$ cat protein06.txt   # compact mmCIF, C-alpha atoms
# COMPACT_ATOMS: atom_id res chain seq x y z
CA MET U 1405 0.00 0.00 0.00
CA PRO U 1406 1.29 3.51 -0.76
CA ASP U 1407 2.80 5.65 1.99
CA ILE U 1408 3.53 9.30 2.60
CA LEU U 1409 7.20 9.69 3.56
CA HIS U 1410 9.22 12.57 4.97
CA ARG U 1411 12.63 13.12 6.57
CA ILE U 1412 13.40 16.22 8.57
CA GLY U 1413 16.14 17.21 10.99
CA PHE U 1414 15.97 19.41 14.08
CA LYS U 1415 19.28 21.16 14.69
CA ASN U 1416 20.53 21.35 18.28
CA VAL U 1417 17.27 19.81 19.51
CA ALA U 1418 17.29 16.62 21.61
CA PRO U 1419 15.02 13.68 20.70
CA GLN U 1420 13.13 14.17 23.96
CA ALA U 1421 12.22 17.75 23.01
CA VAL U 1422 10.84 16.57 19.67
CA PHE U 1423 8.97 13.79 21.41
CA ASP U 1424 7.40 16.21 23.88
CA ALA U 1425 5.94 18.15 20.95
CA LEU U 1426 4.28 14.95 19.69
CA VAL U 1427 2.63 13.58 22.83
CA THR U 1428 0.98 16.53 24.57
CA ALA U 1429 -1.93 18.67 23.39
CA ASP U 1430 0.09 21.74 24.29
CA GLY U 1431 3.02 20.67 22.12
CA LEU U 1432 0.88 19.51 19.20
CA SER U 1433 -1.22 22.68 19.25
CA ARG U 1434 1.89 24.77 18.67
CA TRP U 1435 2.76 23.31 15.27
CA TRP U 1436 -0.17 21.27 13.82
CA THR U 1437 -3.51 22.64 14.89
CA GLU U 1438 -4.49 24.98 17.66
CA GLY U 1439 -7.56 22.77 18.05
CA THR U 1440 -5.69 19.87 19.67
CA THR U 1441 -7.15 18.25 22.77
CA GLY U 1442 -6.43 15.08 24.70
CA GLN U 1443 -3.25 13.32 25.62
CA GLY U 1444 -1.05 11.06 23.54
CA SER U 1445 1.74 9.75 25.72
CA ALA U 1446 0.55 6.22 26.51
CA VAL U 1447 -0.78 3.33 24.45
CA GLY U 1448 -4.55 3.67 24.23
CA ASP U 1449 -4.60 7.45 24.56
CA VAL U 1450 -6.60 9.32 21.91
CA VAL U 1451 -5.70 12.79 20.67
CA HIS U 1452 -8.29 14.92 18.91
CA PHE U 1453 -7.14 17.32 16.18
CA GLN U 1454 -9.84 19.81 15.22
CA PHE U 1455 -9.60 22.20 12.28
CA GLY U 1456 -12.41 24.64 13.04
CA ASP U 1457 -15.75 23.46 11.65
CA ARG U 1458 -14.07 21.91 8.65
CA GLY U 1459 -12.89 18.57 9.93
CA PHE U 1460 -10.89 16.63 12.46
CA PHE U 1461 -8.69 13.59 13.04
CA ASP U 1462 -8.73 11.28 16.07
CA MET U 1463 -5.44 9.47 16.62
CA LYS U 1464 -5.04 6.57 18.99
CA VAL U 1465 -1.56 5.83 20.31
CA VAL U 1466 -0.77 2.21 19.46
CA ALA U 1467 2.97 2.19 20.19
CA VAL U 1468 5.27 4.44 22.16
CA GLU U 1469 8.97 4.07 22.99
CA MET U 1470 10.06 7.37 24.45
CA PRO U 1471 11.88 9.20 22.91
CA THR U 1472 12.46 7.25 19.68
CA HIS U 1473 9.18 5.85 18.40
CA LEU U 1474 5.52 6.78 18.30
CA ARG U 1475 2.76 5.19 16.25
CA TRP U 1476 -0.78 6.46 15.84
CA GLN U 1477 -3.79 4.74 14.38
CA VAL U 1478 -6.39 7.02 12.84
CA VAL U 1479 -9.66 6.00 14.50
CA ASP U 1480 -11.93 8.79 13.21
CA GLY U 1481 -11.83 11.54 10.60
CA PRO U 1482 -11.90 11.55 6.77
CA ALA U 1483 -12.74 8.13 5.30
CA GLU U 1484 -9.41 7.99 3.48
CA TRP U 1485 -7.54 8.38 6.79
CA VAL U 1486 -9.46 6.01 9.03
CA GLY U 1487 -7.42 2.85 9.58
CA THR U 1488 -4.17 4.37 8.36
CA HIS U 1489 -1.16 4.70 10.68
CA VAL U 1490 1.24 7.56 11.32
CA ASN U 1491 4.77 6.58 12.39
CA TRP U 1492 7.32 8.83 14.02
CA ASP U 1493 10.87 7.49 14.34
CA LEU U 1494 13.50 9.66 15.98
CA ARG U 1495 17.24 9.27 16.41
CA GLN U 1496 20.16 11.53 17.17
CA GLU U 1497 22.77 12.10 14.45
CA GLY U 1498 25.47 14.65 15.25
CA ASP U 1499 23.88 18.00 16.05
CA TYR U 1500 20.52 16.83 14.72
CA THR U 1501 17.57 14.82 15.82
CA ILE U 1502 16.40 13.10 12.65
CA LEU U 1503 12.74 12.30 12.14
CA LEU U 1504 11.64 9.62 9.72
CA PHE U 1505 7.92 10.12 9.15
CA ARG U 1506 5.59 7.63 7.48
CA HIS U 1507 1.82 7.91 7.04
CA GLU U 1508 1.04 4.42 5.84
CA GLY U 1509 -1.82 2.18 4.88
CA TRP U 1510 -3.67 4.36 2.39
CA LYS U 1511 -6.04 2.12 0.48
CA GLU U 1512 -5.37 3.80 -2.85
CA VAL U 1513 -3.46 6.69 -4.37
CA VAL U 1514 -6.14 9.37 -4.41
CA GLU U 1515 -5.68 13.09 -5.11
CA PHE U 1516 -6.30 13.78 -1.42
CA MET U 1517 -3.21 11.69 -0.64
CA HIS U 1518 -1.09 13.99 -2.84
CA HIS U 1519 -2.50 16.98 -0.94
CA CYS U 1520 -1.85 15.41 2.46
CA SER U 1521 1.74 14.57 1.52
CA THR U 1522 2.50 18.22 0.78
CA LYS U 1523 0.58 19.38 3.87
CA TRP U 1524 2.47 16.99 6.15
CA GLY U 1525 5.73 18.41 4.78
CA GLY U 1526 4.54 21.90 5.60
CA PHE U 1527 3.46 20.99 9.12
CA LEU U 1528 6.77 19.21 9.77
CA LEU U 1529 8.54 22.41 8.76
CA SER U 1530 6.24 24.18 11.24
CA LEU U 1531 7.41 21.70 13.90
CA LYS U 1532 11.02 22.43 12.92
CA ASP U 1533 10.37 26.17 13.21
CA LEU U 1534 8.86 25.68 16.65
CA LEU U 1535 11.72 23.56 17.98
CA GLU U 1536 14.47 25.72 16.49
CA GLY U 1537 13.00 28.90 17.96
CA ARG U 1538 11.26 30.44 14.96
CA THR U 1539 7.56 31.18 14.47
CA ALA U 1540 5.59 28.02 13.76
CA SER U 1541 2.49 27.83 11.55
CA PRO U 1542 -0.19 25.62 13.12
CA TRP U 1543 -3.71 25.71 11.69
CA PRO U 1544 -5.32 28.21 11.15
CA ARG U 1545 -2.07 30.02 10.31
CA ASP U 1546 -0.76 27.23 8.08
CA VAL U 1547 0.52 27.76 4.54
CA HIS U 1548 -2.28 27.42 2.01
CA ILE U 1549 -0.73 25.12 -0.53
CA ASP U 1550 -3.78 24.77 -2.76
CA ASN U 1551 -7.51 25.47 -3.20
CA TRP U 1552 -8.48 22.75 -0.72
CA CYS U 1553 -6.78 24.76 2.01
CA ASP U 1554 -8.87 27.77 1.03
CA GLN U 1555 -12.03 25.68 1.37
CA VAL U 1556 -10.90 24.43 4.74
CA ALA U 1557 -10.24 27.96 5.92
CA ALA U 1558 -13.43 29.45 4.45
CA MET D 1129 6.67 0.55 -6.49
CA PRO D 1130 6.54 3.46 -4.02
CA ASP D 1131 6.03 6.99 -5.26
CA ILE D 1132 6.56 10.50 -3.96
CA LEU D 1133 3.31 12.47 -4.30
CA HIS D 1134 2.44 16.14 -3.97
CA ARG D 1135 -0.45 18.47 -4.81
CA ILE D 1136 -0.03 22.21 -4.98
CA GLY D 1137 -2.09 25.06 -6.40
CA PHE D 1138 -0.95 28.29 -8.04
CA LYS D 1139 -3.47 31.07 -7.45
CA ASN D 1140 -4.27 33.36 -10.38
CA VAL D 1141 -1.59 31.65 -12.46
CA ALA D 1142 -2.44 30.08 -15.82
CA PRO D 1143 -1.35 26.51 -16.63
CA GLN D 1144 0.89 27.86 -19.40
CA ALA D 1145 2.82 30.03 -16.93
CA VAL D 1146 3.45 27.01 -14.71
CA PHE D 1147 4.47 24.99 -17.72
CA ASP D 1148 6.93 27.65 -18.84
CA ALA D 1149 8.69 27.35 -15.48
CA LEU D 1150 9.12 23.62 -16.09
CA VAL D 1151 10.51 23.47 -19.61
CA THR D 1152 13.16 26.18 -19.83
CA ALA D 1153 16.48 26.41 -18.02
CA ASP D 1154 15.66 30.00 -17.18
CA GLY D 1155 12.37 29.03 -15.55
CA LEU D 1156 13.75 25.98 -13.74
CA SER D 1157 16.75 27.92 -12.42
CA ARG D 1158 14.44 30.36 -10.66
CA TRP D 1159 12.87 27.78 -8.32
CA TRP D 1160 14.84 24.49 -8.29
CA THR D 1161 18.54 25.05 -8.85
CA GLU D 1162 20.46 27.97 -10.22
CA GLY D 1163 22.66 25.36 -11.87
CA THR D 1164 20.12 24.41 -14.53
CA THR D 1165 21.22 24.10 -18.15
CA GLY D 1166 19.70 22.67 -21.31
CA GLN D 1167 16.22 22.70 -22.68
CA GLY D 1168 13.24 20.56 -21.76
CA SER D 1169 10.38 21.45 -24.06
CA ALA D 1170 10.44 18.58 -26.56
CA VAL D 1171 10.59 14.81 -26.28
CA GLY D 1172 14.23 13.76 -26.23
CA ASP D 1173 15.52 16.98 -24.69
CA VAL D 1174 17.78 16.59 -21.66
CA VAL D 1175 17.92 19.12 -18.82
CA HIS D 1176 20.91 19.16 -16.48
CA PHE D 1177 20.36 20.16 -12.84
CA GLN D 1178 23.62 20.86 -11.03
CA PHE D 1179 23.91 21.47 -7.29
CA GLY D 1180 27.41 22.92 -7.03
CA ASP D 1181 30.07 20.23 -6.68
CA ARG D 1182 27.73 18.04 -4.67
CA GLY D 1183 25.62 16.34 -7.26
CA PHE D 1184 23.34 16.61 -10.27
CA PHE D 1185 20.34 15.12 -12.04
CA ASP D 1186 19.90 14.69 -15.81
CA MET D 1187 16.28 14.53 -16.87
CA LYS D 1188 15.16 13.43 -20.32
CA VAL D 1189 11.77 14.59 -21.52
CA VAL D 1190 9.78 11.48 -22.45
CA ALA D 1191 6.30 13.01 -22.79
CA VAL D 1192 5.04 16.54 -23.23
CA GLU D 1193 1.50 17.83 -23.82
CA MET D 1194 1.63 21.58 -23.40
CA PRO D 1195 0.38 22.91 -21.00
CA THR D 1196 -1.06 19.94 -19.08
CA HIS D 1197 1.47 17.13 -18.93
CA LEU D 1198 5.21 16.68 -18.72
CA ARG D 1199 7.12 13.51 -17.93
CA TRP D 1200 10.84 13.21 -17.24
CA GLN D 1201 13.01 10.12 -17.06
CA VAL D 1202 16.06 10.42 -14.84
CA VAL D 1203 18.96 9.34 -17.07
CA ASP D 1204 21.87 10.26 -14.78
CA GLY D 1205 22.45 11.26 -11.16
CA PRO D 1206 22.19 9.40 -7.85
CA ALA D 1207 21.76 5.64 -8.29
CA GLU D 1208 18.41 5.72 -6.47
CA TRP D 1209 17.07 8.23 -9.00
CA VAL D 1210 18.30 6.76 -12.28
CA GLY D 1211 15.42 5.11 -14.10
CA THR D 1212 12.73 6.81 -12.03
CA HIS D 1213 10.21 9.16 -13.62
CA VAL D 1214 8.90 12.57 -12.61
CA ASN D 1215 5.35 13.41 -13.72
CA TRP D 1216 3.81 16.85 -13.84
CA ASP D 1217 0.04 17.07 -14.45
CA LEU D 1218 -1.60 20.47 -14.61
CA ARG D 1219 -5.22 21.55 -14.85
CA GLN D 1220 -7.19 24.70 -14.18
CA GLU D 1221 -9.69 24.69 -11.30
CA GLY D 1222 -11.34 28.03 -10.54
CA ASP D 1223 -8.69 30.63 -9.77
CA TYR D 1224 -6.03 27.97 -9.46
CA THR D 1225 -3.79 25.91 -11.63
CA ILE D 1226 -3.52 22.60 -9.80
CA LEU D 1227 -0.35 20.52 -10.05
CA LEU D 1228 -0.38 16.81 -9.33
CA PHE D 1229 3.23 15.76 -8.91
CA ARG D 1230 4.48 12.17 -8.85
CA HIS D 1231 8.09 10.97 -8.64
CA GLU D 1232 7.61 7.29 -9.37
CA GLY D 1233 9.52 4.09 -9.86
CA TRP D 1234 11.74 4.07 -6.78
CA LYS D 1235 13.10 0.55 -6.42
CA GLU D 1236 12.73 0.53 -2.64
CA VAL D 1237 11.73 2.78 0.24
CA VAL D 1238 15.12 4.08 1.36
CA GLU D 1239 15.81 6.91 3.79
CA PHE D 1240 16.92 9.06 0.85
CA MET D 1241 13.40 8.74 -0.56
CA HIS D 1242 11.95 10.22 2.65
CA HIS D 1243 14.40 13.12 2.32
CA CYS D 1244 13.59 13.69 -1.34
CA SER D 1245 9.84 13.71 -0.63
CA THR D 1246 10.22 16.56 1.84
CA LYS D 1247 12.68 18.39 -0.44
CA TRP D 1248 10.32 18.14 -3.43
CA GLY D 1249 7.59 19.69 -1.28
CA GLY D 1250 9.90 22.56 -0.41
CA PHE D 1251 10.92 23.16 -4.00
CA LEU D 1252 7.29 23.08 -5.15
CA LEU D 1253 6.55 25.79 -2.57
CA SER D 1254 9.50 27.67 -4.07
CA LEU D 1255 7.83 27.32 -7.50
CA LYS D 1256 4.58 28.60 -5.97
CA ASP D 1257 6.41 31.58 -4.48
CA LEU D 1258 7.98 32.36 -7.86
CA LEU D 1259 4.72 32.18 -9.79
CA GLU D 1260 2.69 34.11 -7.22
CA GLY D 1261 5.22 36.95 -7.08
CA ARG D 1262 7.11 36.20 -3.87
CA THR D 1263 10.79 35.38 -3.43
CA ALA D 1264 11.56 31.82 -4.49
CA SER D 1265 14.25 29.61 -2.91
CA PRO D 1266 16.19 27.69 -5.56
CA TRP D 1267 19.43 25.94 -4.59
CA PRO D 1268 21.71 27.19 -3.03
CA ARG D 1269 19.15 29.32 -1.16
CA ASP D 1270 16.82 26.38 -0.45
CA VAL D 1271 15.48 25.53 3.00
CA HIS D 1272 17.81 23.11 4.79
CA ILE D 1273 15.38 20.51 6.03
CA ASP D 1274 17.97 18.18 7.55
CA ASN D 1275 21.67 17.34 7.95
CA TRP D 1276 21.92 16.01 4.38
CA CYS D 1277 21.18 19.51 3.11
CA ASP D 1278 24.04 20.83 5.22
CA GLN D 1279 26.36 18.28 3.65
CA VAL D 1280 25.20 19.27 0.19
CA ALA D 1281 25.83 22.92 0.94
CA ALA D 1282 29.16 22.40 2.71

$ encode --input "protein06.txt" --output "structure tokens"
Amino acid sequence: MPDILHRIGFKNVAPQAVFDALVTADGLSRWWTEGTTGQGSAVGDVVHFQFGDRGFFDMKVVAVEMPTHLRWQVVDGPAEWVGTHVNWDLRQEGDYTILLFRHEGWKEVVEFMHHCSTKWGGFLLSLKDLLEGRTASPWPRDVHIDNWCDQVAA
Amino acid sequence: MPDILHRIGFKNVAPQAVFDALVTADGLSRWWTEGTTGQGSAVGDVVHFQFGDRGFFDMKVVAVEMPTHLRWQVVDGPAEWVGTHVNWDLRQEGDYTILLFRHEGWKEVVEFMHHCSTKWGGFLLSLKDLLEGRTASPWPRDVHIDNWCDQVAA
């Protein structure tokens, strides 16, 4: 099955600091969506990501090995996302913490998957901005990459 | 075989204007790499993309339907890239020209593929910046997403 893949590095940021931004609503709300609620630090936890009145994702933590691995299962949200998994693998490499990101298990290569691939890249750059001390861009201040973003923000 | 996918929209930009930025060295050098030479507007043309002394890609045009479709075959460059194809599909949708991008035919999901997925997203945002009148970020002024970019720029 096709996957969305990304690799990004966080300079002079420890793996634990990256991890913290992935497992708490406070951390997640600073780079992905301000509408984040819940907790995501233990297996079974569910985090809710709301994007105004336009949509949401519910992610259940199905694996966690602090601070190197986190795996979410999408349990509610757009039909194309439900049942897919989001994997976060972290390791230190010199001055960097390297993130290998994989959103896997898409049933088919739909146009929405293309969109989500580019959006994930943008949000990961937002996470990088946050952790390296620049201004991050969580929803609703995210970069509008295409007309679907305009609809979401309308 | 796994693919890199992206979707991006260019607001108030005609498909032909996007296409022009994909088939001439002048256009390509403004958003991907300043080290672009050659011509890429006809089947059989080869465009050379140089990134200083750190590497290059040679792309052969294998399909062109102006201004909606362009397909490159990678004929020289990193081993992981040679033999892969890069597809550009454009269409108008309201105020936008929508690009569906697909870099397909990777033999296996290597870490370099994760890196290239994120880099392609960044360069497509550079193309969007160029076409929408902002400052683009071609190499060597591209966003350094990870430690591999630092090595490339060293």

$ interface_residues --input "protein06.txt" --of "chain U" --to "chain D" --cutoff "9 Å" --atoms "only C-alpha atoms" --output "number ranges by chain"
U: 1405-1415, 1497-1502, 1504-1506, 1513, 1515-1526, 1529, 1532, 1548-1552

$ write_last_selection --input "protein06.txt" --atoms "C-alpha atoms" --output "PDB file, keeping the file's coordinate frame"
ATOM      1  CA  MET U1405       0.000   0.000   0.000  1.00  0.00           C
ATOM      2  CA  PRO U1406       1.290   3.510  -0.760  1.00  0.00           C
ATOM      3  CA  ASP U1407       2.800   5.650   1.990  1.00  0.00           C
ATOM      4  CA  ILE U1408       3.530   9.300   2.600  1.00  0.00           C
ATOM      5  CA  LEU U1409       7.200   9.690   3.560  1.00  0.00           C
ATOM      6  CA  HIS U1410       9.220  12.570   4.970  1.00  0.00           C
ATOM      7  CA  ARG U1411      12.630  13.120   6.570  1.00  0.00           C
ATOM      8  CA  ILE U1412      13.400  16.220   8.570  1.00  0.00           C
ATOM      9  CA  GLY U1413      16.140  17.210  10.990  1.00  0.00           C
ATOM     10  CA  PHE U1414      15.970  19.410  14.080  1.00  0.00           C
ATOM     11  CA  LYS U1415      19.280  21.160  14.690  1.00  0.00           C
ATOM     12  CA  GLU U1497      22.770  12.100  14.450  1.00  0.00           C
ATOM     13  CA  GLY U1498      25.470  14.650  15.250  1.00  0.00           C
ATOM     14  CA  ASP U1499      23.880  18.000  16.050  1.00  0.00           C
ATOM     15  CA  TYR U1500      20.520  16.830  14.720  1.00  0.00           C
ATOM     16  CA  THR U1501      17.570  14.820  15.820  1.00  0.00           C
ATOM     17  CA  ILE U1502      16.400  13.100  12.650  1.00  0.00           C
ATOM     18  CA  LEU U1504      11.640   9.620   9.720  1.00  0.00           C
ATOM     19  CA  PHE U1505       7.920  10.120   9.150  1.00  0.00           C
ATOM     20  CA  ARG U1506       5.590   7.630   7.480  1.00  0.00           C
ATOM     21  CA  VAL U1513      -3.460   6.690  -4.370  1.00  0.00           C
ATOM     22  CA  GLU U1515      -5.680  13.090  -5.110  1.00  0.00           C
ATOM     23  CA  PHE U1516      -6.300  13.780  -1.420  1.00  0.00           C
ATOM     24  CA  MET U1517      -3.210  11.690  -0.640  1.00  0.00           C
ATOM     25  CA  HIS U1518      -1.090  13.990  -2.840  1.00  0.00           C
ATOM     26  CA  HIS U1519      -2.500  16.980  -0.940  1.00  0.00           C
ATOM     27  CA  CYS U1520      -1.850  15.410   2.460  1.00  0.00           C
ATOM     28  CA  SER U1521       1.740  14.570   1.520  1.00  0.00           C
ATOM     29  CA  THR U1522       2.500  18.220   0.780  1.00  0.00           C
ATOM     30  CA  LYS U1523       0.580  19.380   3.870  1.00  0.00           C
ATOM     31  CA  TRP U1524       2.470  16.990   6.150  1.00  0.00           C
ATOM     32  CA  GLY U1525       5.730  18.410   4.780  1.00  0.00           C
ATOM     33  CA  GLY U1526       4.540  21.900   5.600  1.00  0.00           C
ATOM     34  CA  LEU U1529       8.540  22.410   8.760  1.00  0.00           C
ATOM     35  CA  LYS U1532      11.020  22.430  12.920  1.00  0.00           C
ATOM     36  CA  HIS U1548      -2.280  27.420   2.010  1.00  0.00           C
ATOM     37  CA  ILE U1549      -0.730  25.120  -0.530  1.00  0.00           C
ATOM     38  CA  ASP U1550      -3.780  24.770  -2.760  1.00  0.00           C
ATOM     39  CA  ASN U1551      -7.510  25.470  -3.200  1.00  0.00           C
ATOM     40  CA  TRP U1552      -8.480  22.750  -0.720  1.00  0.00           C
TER      41      TRP U1552
END

$ residues_around --input "protein06.txt" --residues "U:Leu1432" --least-positions-apart "4" --cutoff "12 Å" --atoms "only C-alpha atoms" --output "VMD selection string"
chain U and resid 1422 to 1428 1436 to 1445 1451 to 1454 1527 to 1528 1530 to 1531 1534 to 1535 1540 to 1543

$ write_last_selection --input "protein06.txt" --atoms "C-alpha atoms" --output "CSV table (one decimal), keeping the file's coordinate frame"
chain,number,residue,atom,x,y,z
U,1422,VAL,CA,10.8,16.6,19.7
U,1423,PHE,CA,9.0,13.8,21.4
U,1424,ASP,CA,7.4,16.2,23.9
U,1425,ALA,CA,5.9,18.2,21.0
U,1426,LEU,CA,4.3,15.0,19.7
U,1427,VAL,CA,2.6,13.6,22.8
U,1428,THR,CA,1.0,16.5,24.6
U,1436,TRP,CA,-0.2,21.3,13.8
U,1437,THR,CA,-3.5,22.6,14.9
U,1438,GLU,CA,-4.5,25.0,17.7
U,1439,GLY,CA,-7.6,22.8,18.0
U,1440,THR,CA,-5.7,19.9,19.7
U,1441,THR,CA,-7.2,18.2,22.8
U,1442,GLY,CA,-6.4,15.1,24.7
U,1443,GLN,CA,-3.2,13.3,25.6
U,1444,GLY,CA,-1.0,11.1,23.5
U,1445,SER,CA,1.7,9.8,25.7
U,1451,VAL,CA,-5.7,12.8,20.7
U,1452,HIS,CA,-8.3,14.9,18.9
U,1453,PHE,CA,-7.1,17.3,16.2
U,1454,GLN,CA,-9.8,19.8,15.2
U,1527,PHE,CA,3.5,21.0,9.1
U,1528,LEU,CA,6.8,19.2,9.8
U,1530,SER,CA,6.2,24.2,11.2
U,1531,LEU,CA,7.4,21.7,13.9
U,1534,LEU,CA,8.9,25.7,16.6
U,1535,LEU,CA,11.7,23.6,18.0
U,1540,ALA,CA,5.6,28.0,13.8
U,1541,SER,CA,2.5,27.8,11.6
U,1542,PRO,CA,-0.2,25.6,13.1
U,1543,TRP,CA,-3.7,25.7,11.7

$ residues_around --input "protein06.txt" --residues "U:Thr1488" --least-positions-apart "5" --cutoff "8 Å" --atoms "all atoms listed in the file" --output "list in words"
Gln1477, Val1478, His1507, Glu1508, Gly1509 and Trp1510 of chain U

$ atom_distance --input "protein06.txt" --atom1 "atom CA of U:Trp1492" --atom2 "atom CA of U:Trp1476"
8.6 Å

$ atom_distance --input "protein06.txt" --atom1 "atom CA of D:Pro1206" --atom2 "atom CA of D:Val1171"
22.4 Å

$ atom_distance --input "protein06.txt" --atom1 "atom CA of U:Gly1481" --atom2 "atom CA of U:Gly1459"
7.1 Å

$ build_atoms --input "protein06.txt" --residues "stretch 1221-1238 of chain D" --atoms "N, CA, C and O atoms" --output "short mmCIF file (atom, residue, chain, number, x, y, z; two decimals), in the frame of the given file"
data_model
loop_
_atom_site.label_atom_id
_atom_site.label_comp_id
_atom_site.auth_asym_id
_atom_site.auth_seq_id
_atom_site.Cartn_x
_atom_site.Cartn_y
_atom_site.Cartn_z
N GLU D 1221 -8.55 24.96 -12.18
CA GLU D 1221 -9.69 24.69 -11.30
C GLU D 1221 -10.01 26.01 -10.60
O GLU D 1221 -9.32 26.40 -9.65
N GLY D 1222 -11.03 26.71 -11.09
CA GLY D 1222 -11.34 28.03 -10.54
C GLY D 1222 -10.17 28.97 -10.75
O GLY D 1222 -9.63 29.06 -11.86
N ASP D 1223 -9.78 29.67 -9.68
CA ASP D 1223 -8.69 30.63 -9.77
C ASP D 1223 -7.31 29.97 -9.77
O ASP D 1223 -6.29 30.64 -9.86
N TYR D 1224 -7.30 28.67 -9.64
CA TYR D 1224 -6.03 27.97 -9.46
C TYR D 1224 -5.63 27.15 -10.68
O TYR D 1224 -6.48 26.61 -11.40
N THR D 1225 -4.31 27.03 -10.87
CA THR D 1225 -3.79 25.91 -11.63
C THR D 1225 -3.33 24.88 -10.61
O THR D 1225 -2.54 25.21 -9.71
N ILE D 1226 -3.85 23.67 -10.73
CA ILE D 1226 -3.52 22.60 -9.80
C ILE D 1226 -2.45 21.70 -10.42
O ILE D 1226 -2.59 21.26 -11.57
N LEU D 1227 -1.41 21.44 -9.64
CA LEU D 1227 -0.35 20.52 -10.05
C LEU D 1227 -0.46 19.23 -9.25
O LEU D 1227 -0.46 19.26 -8.01
N LEU D 1228 -0.58 18.12 -9.97
CA LEU D 1228 -0.38 16.81 -9.33
C LEU D 1228 1.01 16.35 -9.72
O LEU D 1228 1.33 16.22 -10.91
N PHE D 1229 1.82 16.11 -8.71
CA PHE D 1229 3.23 15.76 -8.91
C PHE D 1229 3.45 14.32 -8.45
O PHE D 1229 2.96 13.93 -7.39
N ARG D 1230 4.20 13.57 -9.23
CA ARG D 1230 4.48 12.17 -8.85
C ARG D 1230 5.90 11.81 -9.30
O ARG D 1230 6.21 11.87 -10.50
N HIS D 1231 6.74 11.46 -8.33
CA HIS D 1231 8.09 10.97 -8.64
C HIS D 1231 8.05 9.47 -8.41
O HIS D 1231 8.10 9.01 -7.27
N GLU D 1232 7.96 8.71 -9.49
CA GLU D 1232 7.61 7.29 -9.37
C GLU D 1232 8.72 6.36 -9.86
O GLU D 1232 9.61 6.76 -10.60
N GLY D 1233 8.60 5.12 -9.38
CA GLY D 1233 9.52 4.09 -9.86
C GLY D 1233 10.72 3.86 -8.96
O GLY D 1233 11.69 3.23 -9.39
N TRP D 1234 10.66 4.37 -7.73
CA TRP D 1234 11.74 4.07 -6.78
C TRP D 1234 11.78 2.56 -6.56
O TRP D 1234 10.75 1.92 -6.38
N LYS D 1235 12.98 2.01 -6.56
CA LYS D 1235 13.10 0.55 -6.42
C LYS D 1235 12.72 0.09 -5.03
O LYS D 1235 12.15 -0.98 -4.84
N GLU D 1236 13.07 0.91 -4.02
CA GLU D 1236 12.73 0.53 -2.64
C GLU D 1236 12.59 1.80 -1.80
O GLU D 1236 13.07 2.86 -2.19
N VAL D 1237 11.95 1.64 -0.65
CA VAL D 1237 11.73 2.78 0.24
C VAL D 1237 12.98 2.98 1.11
O VAL D 1237 13.11 2.38 2.17
N VAL D 1238 13.90 3.78 0.61
CA VAL D 1238 15.12 4.08 1.36
C VAL D 1238 14.96 5.42 2.08
O VAL D 1238 14.05 6.20 1.79
#
